$ cat query_32.pdb   # PDB, C-alpha atoms
MODEL        1
ATOM      1  CA  MET A   1     -78.773  19.484  50.159
ATOM      2  CA  ASN A   2     -79.011  22.976  48.731
ATOM      3  CA  LEU A   3     -82.459  24.552  48.859
ATOM      4  CA  THR A   4     -83.172  28.250  48.384
ATOM      5  CA  THR A   5     -86.434  30.066  48.982
ATOM      6  CA  THR A   6     -88.071  33.188  47.613
ATOM      7  CA  GLN A   7     -91.517  34.663  48.095
ATOM      8  CA  SER A   8     -93.531  35.241  44.933
ATOM      9  CA  GLY A   9     -96.722  37.015  45.924
ATOM     10  CA  GLU A  10     -98.510  34.642  48.236
ATOM     11  CA  ILE A  11     -96.418  31.632  47.206
ATOM     12  CA  GLN A  12     -93.220  30.445  48.874
ATOM     13  CA  VAL A  13     -91.049  29.083  46.049
ATOM     14  CA  ILE A  14     -88.495  26.531  47.247
ATOM     15  CA  THR A  15     -85.860  25.723  44.630
ATOM     16  CA  VAL A  16     -83.867  22.489  44.810
ATOM     17  CA  ASN A  17     -80.349  23.326  43.654
ATOM     18  CA  GLU A  18     -79.391  19.695  43.128
ATOM     19  CA  ALA A  19     -79.347  17.388  40.117
ATOM     20  CA  ARG A  20     -80.475  14.317  42.089
ATOM     21  CA  ILE A  21     -82.840  13.487  44.934
ATOM     22  CA  ASP A  22     -81.969   9.844  45.607
ATOM     23  CA  ALA A  23     -81.392   7.370  48.444
ATOM     24  CA  SER A  24     -78.069   8.967  49.378
ATOM     25  CA  VAL A  25     -79.676  12.366  50.108
ATOM     26  CA  ALA A  26     -83.323  11.550  50.901
ATOM     27  CA  ILE A  27     -82.933  12.188  54.633
ATOM     28  CA  GLN A  28     -81.027  15.436  54.077
ATOM     29  CA  PHE A  29     -83.762  16.561  51.688
ATOM     30  CA  LYS A  30     -86.482  15.887  54.250
ATOM     31  CA  ASP A  31     -84.539  17.707  56.983
ATOM     32  CA  ALA A  32     -83.811  20.688  54.743
ATOM     33  CA  MET A  33     -87.457  20.899  53.657
ATOM     34  CA  ARG A  34     -88.616  20.882  57.274
ATOM     35  CA  SER A  35     -86.299  23.745  58.205
ATOM     36  CA  ILE A  36     -87.121  25.857  55.196
ATOM     37  CA  SER A  37     -90.890  25.309  55.205
ATOM     38  CA  ASP A  38     -91.413  25.591  58.970
ATOM     39  CA  GLU A  39     -90.463  29.261  58.693
ATOM     40  CA  GLY A  40     -93.507  30.141  56.566
ATOM     41  CA  THR A  41     -97.244  29.801  56.387
ATOM     42  CA  SER A  42     -98.069  30.379  52.736
ATOM     43  CA  ARG A  43     -98.580  27.752  50.088
ATOM     44  CA  ILE A  44     -95.441  26.254  48.656
ATOM     45  CA  LEU A  45     -94.177  25.657  45.140
ATOM     46  CA  LEU A  46     -91.316  23.164  44.985
ATOM     47  CA  ASP A  47     -89.190  24.053  41.960
ATOM     48  CA  LEU A  48     -87.579  20.862  40.636
ATOM     49  CA  SER A  49     -86.293  22.299  37.359
ATOM     50  CA  GLN A  50     -82.655  21.511  38.205
ATOM     51  CA  VAL A  51     -83.407  17.930  39.262
ATOM     52  CA  ASP A  52     -82.904  15.422  36.478
ATOM     53  CA  PHE A  53     -83.055  12.267  38.560
ATOM     54  CA  ILE A  54     -85.195  10.985  41.422
ATOM     55  CA  ASP A  55     -85.590   7.385  42.543
ATOM     56  CA  SER A  56     -88.341   5.968  44.761
ATOM     57  CA  SER A  57     -86.483   7.229  47.854
ATOM     58  CA  GLY A  58     -86.507  10.721  46.387
ATOM     59  CA  LEU A  59     -90.192  10.427  45.588
ATOM     60  CA  GLY A  60     -90.881   9.247  49.144
ATOM     61  CA  ALA A  61     -88.928  12.183  50.531
ATOM     62  CA  ILE A  62     -90.993  14.656  48.481
ATOM     63  CA  VAL A  63     -94.200  13.008  49.697
ATOM     64  CA  ALA A  64     -92.911  13.118  53.287
ATOM     65  CA  ALA A  65     -92.138  16.827  52.897
ATOM     66  CA  MET A  66     -95.684  17.481  51.696
ATOM     67  CA  LYS A  67     -97.192  15.479  54.552
ATOM     68  CA  HIS A  68     -95.082  17.375  57.067
ATOM     69  CA  ILE A  69     -96.290  20.692  55.665
ATOM     70  CA  GLY A  70     -99.817  19.393  56.198
ATOM     71  CA  SER A  71    -102.997  19.205  54.189
ATOM     72  CA  ALA A  72    -104.078  22.734  55.113
ATOM     73  CA  ARG A  73    -101.101  24.244  53.356
ATOM     74  CA  LYS A  74    -100.805  23.309  49.696
ATOM     75  CA  MET A  75     -97.520  22.176  48.123
ATOM     76  CA  ASP A  76     -97.336  22.103  44.325
ATOM     77  CA  LEU A  77     -94.451  21.125  42.062
ATOM     78  CA  SER A  78     -92.981  22.849  39.040
ATOM     79  CA  GLY A  79     -90.371  22.245  36.351
ATOM     80  CA  LEU A  80     -90.455  18.457  36.339
ATOM     81  CA  THR A  81     -87.850  17.132  33.907
ATOM     82  CA  PRO A  82     -88.852  14.052  31.791
ATOM     83  CA  ASN A  83     -87.296  11.352  34.003
ATOM     84  CA  VAL A  84     -88.711  12.909  37.169
ATOM     85  CA  ASP A  85     -92.140  13.344  35.571
ATOM     86  CA  LYS A  86     -92.078   9.676  34.589
ATOM     87  CA  VAL A  87     -91.614   8.545  38.200
ATOM     88  CA  PHE A  88     -94.602  10.644  39.318
ATOM     89  CA  ARG A  89     -96.785   9.336  36.477
ATOM     90  CA  LEU A  90     -95.921   5.629  36.840
ATOM     91  CA  THR A  91     -96.655   5.667  40.583
ATOM     92  CA  ARG A  92     -99.765   7.851  40.058
ATOM     93  CA  MET A  93     -98.279  10.471  42.359
ATOM     94  CA  ASP A  94     -99.065  12.980  39.576
ATOM     95  CA  THR A  95    -102.686  12.731  40.762
ATOM     96  CA  ILE A  96    -101.681  13.784  44.264
ATOM     97  CA  PHE A  97     -99.580  16.872  43.530
ATOM     98  CA  GLY A  98    -100.468  19.965  41.527
ATOM     99  CA  ILE A  99     -97.821  19.991  38.804
ATOM    100  CA  HIS A 100     -96.878  23.103  36.807
ATOM    101  CA  PRO A 101     -94.532  23.466  33.839
ATOM    102  CA  SER A 102     -92.859  26.505  35.389
ATOM    103  CA  ILE A 103     -92.829  28.877  38.367
ATOM    104  CA  GLU A 104     -94.349  31.616  36.178
ATOM    105  CA  HIS A 105     -97.236  29.333  35.230
ATOM    106  CA  ALA A 106     -97.931  28.428  38.858
ATOM    107  CA  VAL A 107     -97.799  32.038  40.027
ATOM    108  CA  ALA A 108    -100.051  33.214  37.168
ATOM    109  CA  GLN A 109    -102.545  30.479  37.931
ATOM    110  CA  SER A 110    -102.758  31.366  41.610
ATOM    111  CA  ALA A 111    -103.181  35.065  40.827
ATOM    112  CA  GLY A 112    -106.029  34.476  38.352
TER     113      GLY A 112
ATOM    114  CA  MET B   1     -67.278 -13.469   3.624
ATOM    115  CA  THR B   2     -69.343 -11.472   6.119
ATOM    116  CA  ILE B   3     -67.623  -9.651   8.920
ATOM    117  CA  GLU B   4     -69.579  -9.799  12.163
ATOM    118  CA  PRO B   5     -69.963  -6.310  13.649
ATOM    119  CA  LYS B   6     -68.169  -6.193  16.967
ATOM    120  CA  LEU B   7     -70.427  -5.178  19.817
ATOM    121  CA  HIS B   8     -69.339  -2.913  22.616
ATOM    122  CA  PRO B   9     -67.413  -4.653  25.393
ATOM    123  CA  PRO B  10     -69.268  -5.314  28.658
ATOM    124  CA  ILE B  11     -69.108  -2.676  31.397
ATOM    125  CA  GLU B  12     -68.381  -4.016  34.865
ATOM    126  CA  VAL B  13     -68.175  -2.074  38.131
ATOM    127  CA  SER B  14     -67.773  -3.360  41.689
ATOM    128  CA  PHE B  15     -68.353  -1.110  44.677
ATOM    129  CA  ALA B  16     -69.043  -1.086  48.411
ATOM    130  CA  ALA B  17     -72.691  -1.523  49.365
ATOM    131  CA  ASP B  18     -73.388   1.970  50.653
ATOM    132  CA  GLU B  19     -75.488   4.720  49.109
ATOM    133  CA  THR B  20     -72.621   7.074  48.312
ATOM    134  CA  ALA B  21     -70.501   4.430  46.564
ATOM    135  CA  ALA B  22     -73.646   3.260  44.765
ATOM    136  CA  ARG B  23     -74.339   6.716  43.395
ATOM    137  CA  GLY B  24     -70.749   6.949  42.071
ATOM    138  CA  ALA B  25     -70.946   3.522  40.440
ATOM    139  CA  ILE B  26     -74.265   4.293  38.726
ATOM    140  CA  LEU B  27     -72.915   7.582  37.377
ATOM    141  CA  LYS B  28     -69.823   5.798  36.051
ATOM    142  CA  ILE B  29     -71.895   3.140  34.281
ATOM    143  CA  MET B  30     -74.319   5.704  32.842
ATOM    144  CA  GLN B  31     -71.387   7.754  31.487
ATOM    145  CA  ALA B  32     -70.136   4.658  29.666
ATOM    146  CA  LEU B  33     -73.615   3.722  28.373
ATOM    147  CA  ASN B  34     -74.511   7.264  27.332
ATOM    148  CA  ALA B  35     -71.381   7.354  25.161
ATOM    149  CA  ARG B  36     -73.055   4.624  23.103
ATOM    150  CA  ALA B  37     -76.152   5.451  21.066
ATOM    151  CA  ILE B  38     -78.820   4.934  23.739
ATOM    152  CA  SER B  39     -81.802   7.309  23.766
ATOM    153  CA  PRO B  40     -82.428   9.692  26.714
ATOM    154  CA  ASP B  41     -85.588   7.765  27.551
ATOM    155  CA  GLU B  42     -83.749   4.429  27.596
ATOM    156  CA  SER B  43     -80.925   5.989  29.587
ATOM    157  CA  GLY B  44     -83.375   7.275  32.192
ATOM    158  CA  ARG B  45     -85.035   3.863  32.397
ATOM    159  CA  VAL B  46     -81.778   1.972  32.904
ATOM    160  CA  GLU B  47     -80.492   4.436  35.493
ATOM    161  CA  LEU B  48     -83.692   4.346  37.532
ATOM    162  CA  VAL B  49     -83.903   0.539  37.527
ATOM    163  CA  MET B  50     -80.242   0.200  38.553
ATOM    164  CA  ALA B  51     -80.751   2.691  41.380
ATOM    165  CA  GLU B  52     -83.839   0.853  42.650
ATOM    166  CA  VAL B  53     -82.168  -2.565  42.574
ATOM    167  CA  ILE B  54     -79.026  -1.277  44.279
ATOM    168  CA  ASN B  55     -80.992   0.578  46.960
ATOM    169  CA  ASN B  56     -82.733  -2.713  47.638
ATOM    170  CA  VAL B  57     -79.430  -4.583  47.980
ATOM    171  CA  VAL B  58     -77.991  -1.939  50.319
ATOM    172  CA  GLU B  59     -81.131  -1.664  52.464
ATOM    173  CA  HIS B  60     -82.184  -5.304  52.605
ATOM    174  CA  ALA B  61     -79.585  -7.794  51.373
ATOM    175  CA  TYR B  62     -76.805  -6.110  53.350
ATOM    176  CA  ALA B  63     -78.901  -4.584  56.146
ATOM    177  CA  GLY B  64     -77.037  -4.800  59.434
ATOM    178  CA  LYS B  65     -73.862  -6.181  57.842
ATOM    179  CA  LEU B  66     -70.731  -4.126  58.257
ATOM    180  CA  GLN B  67     -69.588  -4.370  54.665
ATOM    181  CA  GLY B  68     -70.273  -6.016  51.345
ATOM    182  CA  GLN B  69     -69.634  -5.601  47.650
ATOM    183  CA  ILE B  70     -72.049  -5.204  44.768
ATOM    184  CA  THR B  71     -71.078  -5.926  41.168
ATOM    185  CA  ILE B  72     -72.923  -4.625  38.121
ATOM    186  CA  ARG B  73     -72.180  -6.017  34.679
ATOM    187  CA  CYS B  74     -73.834  -4.554  31.550
ATOM    188  CA  THR B  75     -73.723  -6.458  28.269
ATOM    189  CA  HIS B  76     -75.065  -5.147  24.972
ATOM    190  CA  ARG B  77     -76.729  -7.588  22.567
ATOM    191  CA  PRO B  78     -78.410  -6.493  19.336
ATOM    192  CA  GLY B  79     -81.537  -4.603  20.409
ATOM    193  CA  ALA B  80     -81.052  -5.313  24.120
ATOM    194  CA  LEU B  81     -79.048  -4.547  27.225
ATOM    195  CA  ASP B  82     -78.487  -7.242  29.858
ATOM    196  CA  VAL B  83     -77.676  -5.998  33.336
ATOM    197  CA  GLN B  84     -76.531  -8.481  35.970
ATOM    198  CA  ILE B  85     -76.290  -7.362  39.584
ATOM    199  CA  THR B  86     -74.652  -9.673  42.122
ATOM    200  CA  ASP B  87     -74.071  -9.420  45.857
ATOM    201  CA  GLN B  88     -73.192 -11.651  48.824
ATOM    202  CA  GLY B  89     -76.002 -10.401  51.057
ATOM    203  CA  ARG B  90     -78.926 -12.297  52.490
ATOM    204  CA  PRO B  91     -81.373 -13.888  50.003
ATOM    205  CA  PHE B  92     -84.849 -12.652  49.171
ATOM    206  CA  PRO B  93     -87.471 -14.078  51.560
ATOM    207  CA  ASP B  94     -88.570 -17.467  50.176
ATOM    208  CA  ILE B  95     -85.810 -17.083  47.561
ATOM    209  CA  GLN B  96     -88.165 -15.224  45.245
ATOM    210  CA  LEU B  97     -88.727 -11.731  43.940
ATOM    211  CA  PRO B  98     -91.333  -9.451  45.534
ATOM    212  CA  ASP B  99     -94.637  -9.144  43.674
ATOM    213  CA  GLY B 100     -93.999  -5.496  42.829
ATOM    214  CA  VAL B 101     -97.471  -4.150  43.541
ATOM    215  CA  CYS B 102     -97.205  -0.351  43.675
ATOM    216  CA  ALA B 103     -98.069   1.330  46.957
ATOM    217  CA  SER B 104    -101.528   2.842  46.532
ATOM    218  CA  VAL B 105    -102.150   6.582  46.383
ATOM    219  CA  ASP B 106    -105.888   6.101  47.036
ATOM    220  CA  THR B 107    -105.489   6.918  50.713
ATOM    221  CA  ASP B 108    -106.140   9.758  53.124
ATOM    222  CA  PHE B 109    -103.596  12.560  52.967
ATOM    223  CA  ASP B 110    -101.801  11.504  56.133
ATOM    224  CA  ASP B 111    -101.560   7.897  54.915
ATOM    225  CA  LEU B 112     -99.937   8.683  51.563
ATOM    226  CA  PRO B 113     -97.122   6.184  51.002
ATOM    227  CA  GLU B 114     -93.478   7.208  51.271
ATOM    228  CA  GLY B 115     -92.166   3.891  50.004
ATOM    229  CA  GLY B 116     -93.215   0.679  48.329
ATOM    230  CA  PHE B 117     -92.646   1.862  44.764
ATOM    231  CA  GLY B 118     -89.256   0.332  43.991
ATOM    232  CA  TRP B 119     -90.113  -3.154  42.728
ATOM    233  CA  PHE B 120     -93.137  -1.847  40.842
ATOM    234  CA  LEU B 121     -90.871   0.581  38.947
ATOM    235  CA  ILE B 122     -88.325  -2.173  38.271
ATOM    236  CA  PHE B 123     -90.930  -4.506  36.728
ATOM    237  CA  GLN B 124     -92.635  -1.689  34.801
ATOM    238  CA  LEU B 125     -89.453  -0.471  33.151
ATOM    239  CA  THR B 126     -87.804  -3.775  32.194
ATOM    240  CA  GLU B 127     -88.503  -6.660  29.845
ATOM    241  CA  GLY B 128     -87.441  -9.389  32.259
ATOM    242  CA  VAL B 129     -86.124  -9.834  35.775
ATOM    243  CA  GLN B 130     -84.740 -13.159  36.986
ATOM    244  CA  TYR B 131     -83.404 -13.993  40.416
ATOM    245  CA  THR B 132     -81.049 -16.851  41.262
ATOM    246  CA  ARG B 133     -79.416 -17.724  44.533
ATOM    247  CA  ASP B 134     -76.076 -19.429  43.831
ATOM    248  CA  GLN B 135     -74.470 -20.624  47.101
ATOM    249  CA  ASP B 136     -73.939 -17.342  48.970
ATOM    250  CA  THR B 137     -74.488 -15.042  45.984
ATOM    251  CA  ASN B 138     -77.652 -13.258  44.867
ATOM    252  CA  LYS B 139     -77.852 -12.801  41.103
ATOM    253  CA  LEU B 140     -80.379 -10.549  39.421
ATOM    254  CA  ASP B 141     -80.502 -10.726  35.619
ATOM    255  CA  ILE B 142     -82.383  -7.820  34.088
ATOM    256  CA  LYS B 143     -83.179  -7.357  30.429
ATOM    257  CA  PHE B 144     -83.901  -4.047  28.675
ATOM    258  CA  ASP B 145     -85.151  -3.962  25.101
ATOM    259  CA  LEU B 146     -83.479  -1.064  23.330
ATOM    260  CA  ALA B 147     -85.427   0.209  20.337
ATOM    261  CA  GLN B 148     -82.382   1.396  18.453
ATOM    262  CA  GLY B 149     -80.139  -1.503  19.350
ATOM    263  CA  ALA B 150     -76.440  -1.240  20.143
ATOM    264  CA  PRO B 151     -74.445  -0.043  17.160
ATOM    265  CA  PRO B 152     -71.289  -2.000  16.419
ATOM    266  CA  ASP B 153     -68.087  -0.797  18.008
ATOM    267  CA  GLN B 154     -66.379   0.938  15.077
ATOM    268  CA  THR B 155     -63.201   1.681  16.963
ATOM    269  CA  ALA B 156     -62.228  -1.946  17.543
TER     270      ALA B 156
ENDMDL
END
$ encode --input "query_32.pdb" --output "structure tokens"
Amino acid sequence: MNLTTTQSGEIQVITVNEARIDASVAIQFKDAMRSISDEGTSRILLDLSQVDFIDSSGLGAIVAAMKHIGSARKMDLSGLTPNVDKVFRLTRMDTIFGIHPSIEHAVAQSAG
Amino acid sequence: MTIEPKLHPPIEVSFAADETAARGAILKIMQALNARAISPDESGRVELVMAEVINNVVEHAYAGKLQGQITIRCTHRPGALDVQITDQGRPFPDIQLPDGVCASVDTDFDDLPEGGFGWFLIFQLTEGVQYTRDQDTNKLDIKFDLAQGAPPDQTA
């Protein structure tokens, strides 16, 4: 599970360098998110622009990652591709996460 | 004399009931389906439903068993795709499908669900799901309506 992180102003951008977050990698995703997010304290933007498939296990893993980070520290999502966006909308998880079209949009919004 | 257009042949894949083999099988089937004129939206739908059903077989039907096989067979009919998934795992409780109510997001932050979406997604994205238990085999017959329909196989 390849995640990379950069700091953009006050936002920690975590990029998922994978095409799929599914049952076969859900646990690795959760573990990798713990390691990479535990190092910081700022709000997080999870960049999913390379992910073109998630199943319900992948969705659950993203929710678990957000819960682990905790309610005091916001985690938003960006770059949802159509199939991934559909899973969030059908399950109404799009009402739980802040969702941005791009990293630039999220950063601009937080600066304004 | 009318010549019946020949539809694409069925696609059939059998694989071991583990998550890695499942991922490979789904990718193989989607490669074959995507080579036929199926829209990106329909492709996404079919792939997600197959993944959810197979995850269910691996996690529940074969839970605790050392090994088992899953077979997926996809058949195109005009305007529809029939997907049959069979396995030799344990049956559904009460030999019937779950009700597929989606896990609720109207909860406190710490109680947000991390599962309980699978069957909801399956029912939402398909036009029919039927379950039969035939001796020691589970059979799930799933129907997708395809807006464009399957074009005839011109190469045959």
$ closest_atom_pairs --input "query_32.pdb" --of "chain B" --to "chain A" --cutoff "9 Å" --atoms "only C-alpha atoms" --output "CSV"
residue,atom,partner,partner_atom,distance
B:Asp18,CA,A:Ser24,CA,8.5
B:Glu19,CA,A:Ser24,CA,5.0
B:Thr20,CA,A:Ser24,CA,5.9
B:Ala22,CA,A:Ser24,CA,8.6
B:Arg23,CA,A:Ser24,CA,7.4
B:Pro40,CA,A:Asn83,CA,8.9
B:Asp41,CA,A:Asn83,CA,7.6
B:Gly44,CA,A:Asn83,CA,5.9
B:Arg45,CA,A:Asn83,CA,8.0
B:Glu47,CA,A:Phe53,CA,8.8
B:Leu48,CA,A:Asp55,CA,6.2
B:Val49,CA,A:Asp55,CA,8.7
B:Ala51,CA,A:Asp55,CA,6.8
B:Glu52,CA,A:Asp55,CA,6.8
B:Asn55,CA,A:Ala23,CA,7.0
B:Cys102,CA,A:Thr91,CA,6.8
B:Ala103,CA,A:Thr91,CA,7.8
B:Ser104,CA,A:Thr91,CA,8.2
B:Val105,CA,A:Met93,CA,6.8
B:Phe109,CA,A:Ser71,CA,6.8
B:Asp110,CA,A:Lys67,CA,6.3
B:Asp111,CA,A:Lys67,CA,8.8
B:Leu112,CA,A:Val63,CA,7.4
B:Pro113,CA,A:Gly60,CA,7.2
B:Glu114,CA,A:Gly60,CA,3.9
B:Gly115,CA,A:Gly60,CA,5.6
B:Gly116,CA,A:Ser56,CA,8.0
B:Phe117,CA,A:Ser56,CA,5.9
B:Gly118,CA,A:Ser56,CA,5.8
B:Phe120,CA,A:Thr91,CA,8.3
B:Leu121,CA,A:Leu90,CA,7.4
B:Gln124,CA,A:Leu90,CA,8.3
$ resolve_selection --input "query_32.pdb" --expression "the PyMOL selection byres ((chain A and resi 103-105) around 8)" --output "MDAnalysis selection string"
chainID A and resid 13 45 47 78:79 100:102 106:109
$ write_last_selection --input "query_32.pdb" --atoms "C-alpha atoms" --output "JSON list (two decimals), keeping the file's coordinate frame"
[["chain", "number", "residue", "atom", "x", "y", "z"],
["A", 13, "VAL", "CA", -91.05, 29.08, 46.05],
["A", 45, "LEU", "CA", -94.18, 25.66, 45.14],
["A", 47, "ASP", "CA", -89.19, 24.05, 41.96],
["A", 78, "SER", "CA", -92.98, 22.85, 39.04],
["A", 79, "GLY", "CA", -90.37, 22.24, 36.35],
["A", 100, "HIS", "CA", -96.88, 23.10, 36.81],
["A", 101, "PRO", "CA", -94.53, 23.47, 33.84],
["A", 102, "SER", "CA", -92.86, 26.50, 35.39],
["A", 106, "ALA", "CA", -97.93, 28.43, 38.86],
["A", 107, "VAL", "CA", -97.80, 32.04, 40.03],
["A", 108, "ALA", "CA", -100.05, 33.21, 37.17],
["A", 109, "GLN", "CA", -102.54, 30.48, 37.93]]
$ resolve_selection --input "query_32.pdb" --expression "the PyMOL selection byres ((chain A and resi 36) around 10)" --output "ChimeraX atom specification"
/A:3-5,12,14,31-35,37-40
$ axis_aligned_box --input "query_32.pdb" --around "segment 108-112 of chain A" --padding-each-side "4 Å" --output "lines of an AutoDock Vina configuration file"
center_x = -103.0
center_y = 32.8
center_z = 39.4
size_x = 14.0
size_y = 12.6
size_z = 12.4
$ atom_distance --input "query_32.pdb" --atom1 "atom CA of Lys139 of chain B" --atom2 "atom CA of Ala80 of chain B"
18.8 Å
$ resolve_selection --input "query_32.pdb" --expression "the PyMOL selection byres ((chain B and resi 24-32) around 9)" --output "list in words"
Ile11, Glu12, Val13, Ser14, Phe15, Glu19, Thr20, Ala21, Ala22, Arg23, Leu33, Asn34, Ala35, Arg36, Ser43, Val46, Glu47, Met50, Ala51, Ile72 and Cys74 of chain B
$ atom_distance --input "query_32.pdb" --atom1 "atom CA of Lys143 of chain B" --atom2 "atom CA of Leu81 of chain B"
5.9 Å
$ atom_distance --input "query_32.pdb" --atom1 "atom CA of Glu59 of chain B" --atom2 "atom CA of Thr86 of chain B"
14.6 Å
$ decode --input "query_32.pdb" --residues "segment 116-142 of chain B" --atoms "N, CA and C atoms" --output "PDB file, in the first residue's frame"
ATOM      1  N   GLY B 116     -21.192  -3.239   6.524  1.00  0.00           N
ATOM      2  CA  GLY B 116     -22.650  -3.306   6.446  1.00  0.00           C
ATOM      3  C   GLY B 116     -23.200  -2.571   5.235  1.00  0.00           C
ATOM      4  N   PHE B 117     -22.355  -2.404   4.214  1.00  0.00           N
ATOM      5  CA  PHE B 117     -22.806  -1.710   3.003  1.00  0.00           C
ATOM      6  C   PHE B 117     -22.973  -2.664   1.822  1.00  0.00           C
ATOM      7  N   GLY B 118     -22.331  -3.829   1.916  1.00  0.00           N
ATOM      8  CA  GLY B 118     -22.182  -4.705   0.751  1.00  0.00           C
ATOM      9  C   GLY B 118     -23.476  -5.099   0.076  1.00  0.00           C
ATOM     10  N   TRP B 119     -24.389  -5.710   0.860  1.00  0.00           N
ATOM     11  CA  TRP B 119     -25.649  -6.190   0.252  1.00  0.00           C
ATOM     12  C   TRP B 119     -26.529  -5.036  -0.217  1.00  0.00           C
ATOM     13  N   PHE B 120     -26.489  -3.924   0.470  1.00  0.00           N
ATOM     14  CA  PHE B 120     -27.214  -2.738   0.021  1.00  0.00           C
ATOM     15  C   PHE B 120     -26.736  -2.343  -1.373  1.00  0.00           C
ATOM     16  N   LEU B 121     -25.414  -2.265  -1.559  1.00  0.00           N
ATOM     17  CA  LEU B 121     -24.852  -1.891  -2.864  1.00  0.00           C
ATOM     18  C   LEU B 121     -25.251  -2.902  -3.941  1.00  0.00           C
ATOM     19  N   ILE B 122     -25.213  -4.190  -3.581  1.00  0.00           N
ATOM     20  CA  ILE B 122     -25.563  -5.231  -4.554  1.00  0.00           C
ATOM     21  C   ILE B 122     -27.005  -5.039  -5.030  1.00  0.00           C
ATOM     22  N   PHE B 123     -27.943  -4.847  -4.108  1.00  0.00           N
ATOM     23  CA  PHE B 123     -29.348  -4.701  -4.504  1.00  0.00           C
ATOM     24  C   PHE B 123     -29.572  -3.388  -5.258  1.00  0.00           C
ATOM     25  N   GLN B 124     -28.902  -2.328  -4.834  1.00  0.00           N
ATOM     26  CA  GLN B 124     -29.070  -1.027  -5.493  1.00  0.00           C
ATOM     27  C   GLN B 124     -28.625  -1.050  -6.952  1.00  0.00           C
ATOM     28  N   LEU B 125     -27.587  -1.791  -7.239  1.00  0.00           N
ATOM     29  CA  LEU B 125     -26.936  -1.690  -8.549  1.00  0.00           C
ATOM     30  C   LEU B 125     -27.332  -2.791  -9.527  1.00  0.00           C
ATOM     31  N   THR B 126     -28.290  -3.631  -9.140  1.00  0.00           N
ATOM     32  CA  THR B 126     -28.676  -4.750 -10.017  1.00  0.00           C
ATOM     33  C   THR B 126     -30.176  -4.735 -10.259  1.00  0.00           C
ATOM     34  N   GLU B 127     -30.603  -5.475 -11.279  1.00  0.00           N
ATOM     35  CA  GLU B 127     -32.029  -5.570 -11.571  1.00  0.00           C
ATOM     36  C   GLU B 127     -32.633  -6.888 -11.106  1.00  0.00           C
ATOM     37  N   GLY B 128     -31.892  -7.668 -10.373  1.00  0.00           N
ATOM     38  CA  GLY B 128     -32.443  -8.926  -9.847  1.00  0.00           C
ATOM     39  C   GLY B 128     -31.342  -9.756  -9.235  1.00  0.00           C
ATOM     40  N   VAL B 129     -31.612 -10.290  -8.052  1.00  0.00           N
ATOM     41  CA  VAL B 129     -30.662 -11.200  -7.408  1.00  0.00           C
ATOM     42  C   VAL B 129     -31.461 -12.387  -6.898  1.00  0.00           C
ATOM     43  N   GLN B 130     -31.066 -13.596  -7.332  1.00  0.00           N
ATOM     44  CA  GLN B 130     -31.761 -14.796  -6.858  1.00  0.00           C
ATOM     45  C   GLN B 130     -30.764 -15.762  -6.253  1.00  0.00           C
ATOM     46  N   TYR B 131     -31.165 -16.376  -5.149  1.00  0.00           N
ATOM     47  CA  TYR B 131     -30.279 -17.326  -4.481  1.00  0.00           C
ATOM     48  C   TYR B 131     -30.919 -18.702  -4.472  1.00  0.00           C
ATOM     49  N   THR B 132     -30.138 -19.709  -4.883  1.00  0.00           N
ATOM     50  CA  THR B 132     -30.606 -21.101  -4.748  1.00  0.00           C
ATOM     51  C   THR B 132     -29.504 -21.924  -4.111  1.00  0.00           C
ATOM     52  N   ARG B 133     -29.945 -22.852  -3.275  1.00  0.00           N
ATOM     53  CA  ARG B 133     -29.036 -23.798  -2.653  1.00  0.00           C
ATOM     54  C   ARG B 133     -29.315 -25.127  -3.338  1.00  0.00           C
ATOM     55  N   ASP B 134     -28.353 -25.670  -4.051  1.00  0.00           N
ATOM     56  CA  ASP B 134     -28.538 -26.906  -4.810  1.00  0.00           C
ATOM     57  C   ASP B 134     -27.560 -27.925  -4.261  1.00  0.00           C
ATOM     58  N   GLN B 135     -28.052 -28.840  -3.405  1.00  0.00           N
ATOM     59  CA  GLN B 135     -27.215 -29.810  -2.687  1.00  0.00           C
ATOM     60  C   GLN B 135     -26.138 -29.052  -1.908  1.00  0.00           C
ATOM     61  N   ASP B 136     -24.864 -29.164  -2.301  1.00  0.00           N
ATOM     62  CA  ASP B 136     -23.858 -28.452  -1.489  1.00  0.00           C
ATOM     63  C   ASP B 136     -23.340 -27.187  -2.193  1.00  0.00           C
ATOM     64  N   THR B 137     -24.110 -26.696  -3.164  1.00  0.00           N
ATOM     65  CA  THR B 137     -23.661 -25.542  -3.940  1.00  0.00           C
ATOM     66  C   THR B 137     -24.569 -24.332  -3.720  1.00  0.00           C
ATOM     67  N   ASN B 138     -23.952 -23.175  -3.477  1.00  0.00           N
ATOM     68  CA  ASN B 138     -24.680 -21.913  -3.458  1.00  0.00           C
ATOM     69  C   ASN B 138     -24.664 -21.343  -4.867  1.00  0.00           C
ATOM     70  N   LYS B 139     -25.823 -20.903  -5.347  1.00  0.00           N
ATOM     71  CA  LYS B 139     -25.885 -20.268  -6.661  1.00  0.00           C
ATOM     72  C   LYS B 139     -26.534 -18.903  -6.524  1.00  0.00           C
ATOM     73  N   LEU B 140     -25.824 -17.880  -6.977  1.00  0.00           N
ATOM     74  CA  LEU B 140     -26.404 -16.541  -7.006  1.00  0.00           C
ATOM     75  C   LEU B 140     -26.551 -16.147  -8.465  1.00  0.00           C
ATOM     76  N   ASP B 141     -27.774 -15.817  -8.871  1.00  0.00           N
ATOM     77  CA  ASP B 141     -28.029 -15.375 -10.246  1.00  0.00           C
ATOM     78  C   ASP B 141     -28.366 -13.896 -10.208  1.00  0.00           C
ATOM     79  N   ILE B 142     -27.513 -13.110 -10.851  1.00  0.00           N
ATOM     80  CA  ILE B 142     -27.644 -11.652 -10.810  1.00  0.00           C
ATOM     81  C   ILE B 142     -27.882 -11.128 -12.212  1.00  0.00           C
TER      82      ILE B 142
END
